[in-house]
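Below is one structure; the comments refer to it alone.
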Amino acid sequence: MNVTVIGTGYVGLVTGACLADAGNNVFCLDLDENKIARLNRGEIPIFEPGLEPIVKRNEAAARLRFSTDIAASVAHGDIQLIAVGTPPGEDGSADLQHVVAAASNIGRYMEGYKVVVTKSTVPVGTADKVKQAIIEAQKKRHVGNDFTVVSNPEFLKEGAAVEDFMRPDRIIVGSDDPRAIGMLRSLYAPFQRNRERIIVMGVRSAELTKYAANAMLATRISFMNEVANLAEAIGADIEEVRRGIGSDPRIGYQFLYPGAGFGGSCFPKDVKALQRTAQDAGKPLRVVNAVEEVNEAQKHVLGFKIRDRFSNELRDKCIALWGLAFKANTDDMREAPSLALIDDLVNAGARVRAYDPAAGDEAKKLFADSASVTIVPQAMDALEGADVLAIVTEWQEFRSPDFAAVKKALKTPAIFDGRNLYDPAALRAHGLEYYPIGRNQ
Ligand SMILES: NC(=O)c1ccc[n+]([C@@H]2O[C@H](COP(=O)([O-])OP(=O)(O)OC[C@H]3O[C@@H](n4cnc5c(N)ncnc54)[C@H](O)[C@@H]3O)[C@@H](O)[C@H]2O)c1
């Protein structure tokens, strides 16, 4: 099938590469000339495990190409997948300007029937806006080619995006048009060989499903963070509690980890956008409002613990920081809890020496103008001249460090662990002070 993917970011690039790998002819469009030039030089602009070989082999097989040519992208795909960003607007609602621009471009150039698919996370009612934008752009050309707008929200997780795309739990198709549904069934057939994964529903339900899923996951995290803070105050251990409740199959273990708050390009903005939708509909979601409030507070818990350890005197202190990405296995720092911690530390007068296995380049750009933040190339480099160590991302390489070397390098042998990576007793045995989240030490 000829498929166009509009927007070649985390979702678009993975989608394009995986669809090409299944034998489709894929045209990836982006307006960012630099990104397309890098892709055409064989560089992968994002860190995503397993993605590079798929891109390479499908480019080599001429099934995958990258371009900024809008007219050619519209001509190419019978299916046009919109995977552009939907960042939060000033009032928290999703900013749909890129989605509408992509739709207008389709209307500007389309000939014959197209299935236009919103893969971006978009609020209920967006399919109508996409439809309108295409109709208006076609009107200006005095044409009226037939098309169908389908909502097909994406559920891949950064860090496991290829695996998620290739083996999805479910594929939501929001449409009532049999022709378009049939085309999406064919497109996704290779990714659901052992059982049917497609769930067909109304467009509005599909749009809401994505937000409801992310809000539910965010709720679990905020719930655990609040219980963790309570556990700490009353002498319980959240790790024991987590095991105790996760063993209930109605609850399960996934997304039950307390930490330094959730971040990333999706949860924070999707929670805000859902709140906005609910507010506008006169049906405020009180649970979701609390989820955001708890998360905002949680991002400052680690900073508070560090300040408390030094009686609020962080001037002349240097904090080593392991982990900048919002989670392991990605270089994405959008809304990362590390940013809130760095802010807290720098505002209190401290310097920060930070290391991340993948997000270092991104961090160097973000902190290029900051004299207080140094990004270093190795984990142990962060500890040079540092007073204490803080950990914000659960990268595998942080799980079993040389504790003797860590203790030796730090002026005050203390670890502030925003991911509960270690056994408190083992750290005590190493002579390290340990400050995890919600644990009985
Ligand atoms: N990142 C994730 O893990 C994830 C998971 C599921 C859903 N989503 C959703 O998918 C959407 C995309 O997210 P992302 O993280 O891939 O974003 P991104 O910022 O990494 O990529 C978006 C790309 O779209 C390009 N773009 C913008 N306007 C364009 C236009 N008119 N034509 C062509 N290209 C255009 C940008 O240059 C950028 O490269 C968002 O709505 C997001 O909420 C993201």
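Chain labels follow the order of the structure tokens: the first chain is A, the next B, and so on; residue numbering restarts at 1 in every chain, and ligands are counted from 1 in their shown order.
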- Test item: residues at most 12 Å from Ala212 (chain A), only C-alpha atoms, excluding those fewer than 3 positions along its chain, as an MDAnalysis selection string: chainID A and resid 121:124 153 155 205:209 215:219 267 270:275 277:278 285 287:288
- Would you list the contacts of Arg351 (chain A) as a list in words, taking every protein, DNA or RNA residue within 9 Å and counting only C-alpha atoms, but skipping same-chain residues closer than 2 positions in sequence? Leu314, Arg315, Asp316, Lys317, Cys318, Ile319, Ala320, Ile342, Leu345, Val346, Gly349, Arg353, Ala371, Ser372, Val373, Thr374 and Ala386 of chain A
- Query: Using only C-alpha atoms, which of A:Ile46, A:Val117, A:Leu421, A:Met224 sits nearest Ile6 (chain A)?
  - Reply: A:Val117
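Within region 132-196 of chain A, DSSP applied to the backbone places the following residues in alpha helix (DSSP H): Gln132, Ala133, Ile134, Ile135, Glu136, Ala137, Gln138, Lys139, Lys140, Ala161, Val162, Glu163, Asp164, Phe165, Met166, Pro178, Arg179, Ala180, Ile181, Gly182, Met183, Leu184, Arg185, Ser186, Leu187 and Tyr188 of chain A.
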- Message: Distance limit 7 Å, reference ligand 1, atoms considered: only C-alpha atoms and all ligand atoms. Which residues make the cut? Give them as a PyMOL selection string.
- Response: chain A and resi 6-12+29-32+83-86+98-99+101-102+119-122+153-158+265-266
- For CA of Asn295 (chain A) and CA of Gly261 (chain A), the interatomic separation in Å (one decimal):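 For CA of Asn295 (chain A) relative to CA of Gly261 (chain A), the distance reads 5.3 Å.
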- Query: Within 6 Å of region 159-172 of chain A, counting only C-alpha atoms, which residues qualify if same-chain residues fewer than 6 places away don't, as a list in words?
  - Reply: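 Neighbouring residues, sequence-local ones excluded: Glu48, Asn152, Phe191, Arg197, Ile198, Ile199, Asn329 and Thr330 of chain A.
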Selected residues, N, CA and C atoms, written as an mmCIF file, in the first residue's frame, please.
```cif
data_model
loop_
_atom_site.group_PDB
_atom_site.id
_atom_site.type_symbol
_atom_site.label_atom_id
_atom_site.label_comp_id
_atom_site.auth_asym_id
_atom_site.auth_seq_id
_atom_site.Cartn_x
_atom_site.Cartn_y
_atom_site.Cartn_z
ATOM 1 N N GLU A 48 15.941 5.623 19.847
ATOM 2 C CA GLU A 48 14.821 4.687 20.045
ATOM 3 C C GLU A 48 15.351 3.287 19.739
ATOM 4 N N ASN A 152 -7.173 7.252 14.706
ATOM 5 C CA ASN A 152 -6.403 6.033 14.995
ATOM 6 C C ASN A 152 -5.274 6.401 15.953
ATOM 7 N N PHE A 191 0.369 -6.783 11.664
ATOM 8 C CA PHE A 191 0.747 -6.557 13.069
ATOM 9 C C PHE A 191 -0.201 -7.243 14.050
ATOM 10 N N ARG A 197 -6.523 -7.402 16.770
ATOM 11 C CA ARG A 197 -6.235 -6.335 17.739
ATOM 12 C C ARG A 197 -7.074 -5.081 17.471
ATOM 13 N N ILE A 198 -7.731 -5.052 16.321
ATOM 14 C CA ILE A 198 -8.454 -3.835 15.952
ATOM 15 C C ILE A 198 -9.770 -3.732 16.728
ATOM 16 N N ILE A 199 -9.982 -2.566 17.298
ATOM 17 C CA ILE A 199 -11.270 -2.283 17.944
ATOM 18 C C ILE A 199 -11.868 -1.092 17.191
ATOM 19 N N ASN A 329 15.695 4.665 28.355
ATOM 20 C CA ASN A 329 15.638 4.222 26.956
ATOM 21 C C ASN A 329 15.077 5.245 25.994
ATOM 22 N N THR A 330 15.136 6.512 26.367
ATOM 23 C CA THR A 330 14.782 7.567 25.425
ATOM 24 C C THR A 330 15.715 8.750 25.670
#
```
- Note on the structure: One decimal place gives the CA of Ala358 (chain A)-CA of Cys18 (chain A) separation as 22.4 Å
- Task: Rank nothing, just name the residue among A:Leu432, A:Glu292, A:Glu397, A:Asp146 nearest to Lys269 (chain A), using only C-alpha atoms.
- Result: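 Smallest distance to Lys269 (chain A) is found for A:Glu292.
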- as a VMD selection string, list the residues of region 114-258 of chain A assigned to strand (DSSP E) by DSSP on the backbone atoms of this structure. chain A and resid 114 to 118 147 to 151 171 to 174 198 to 201
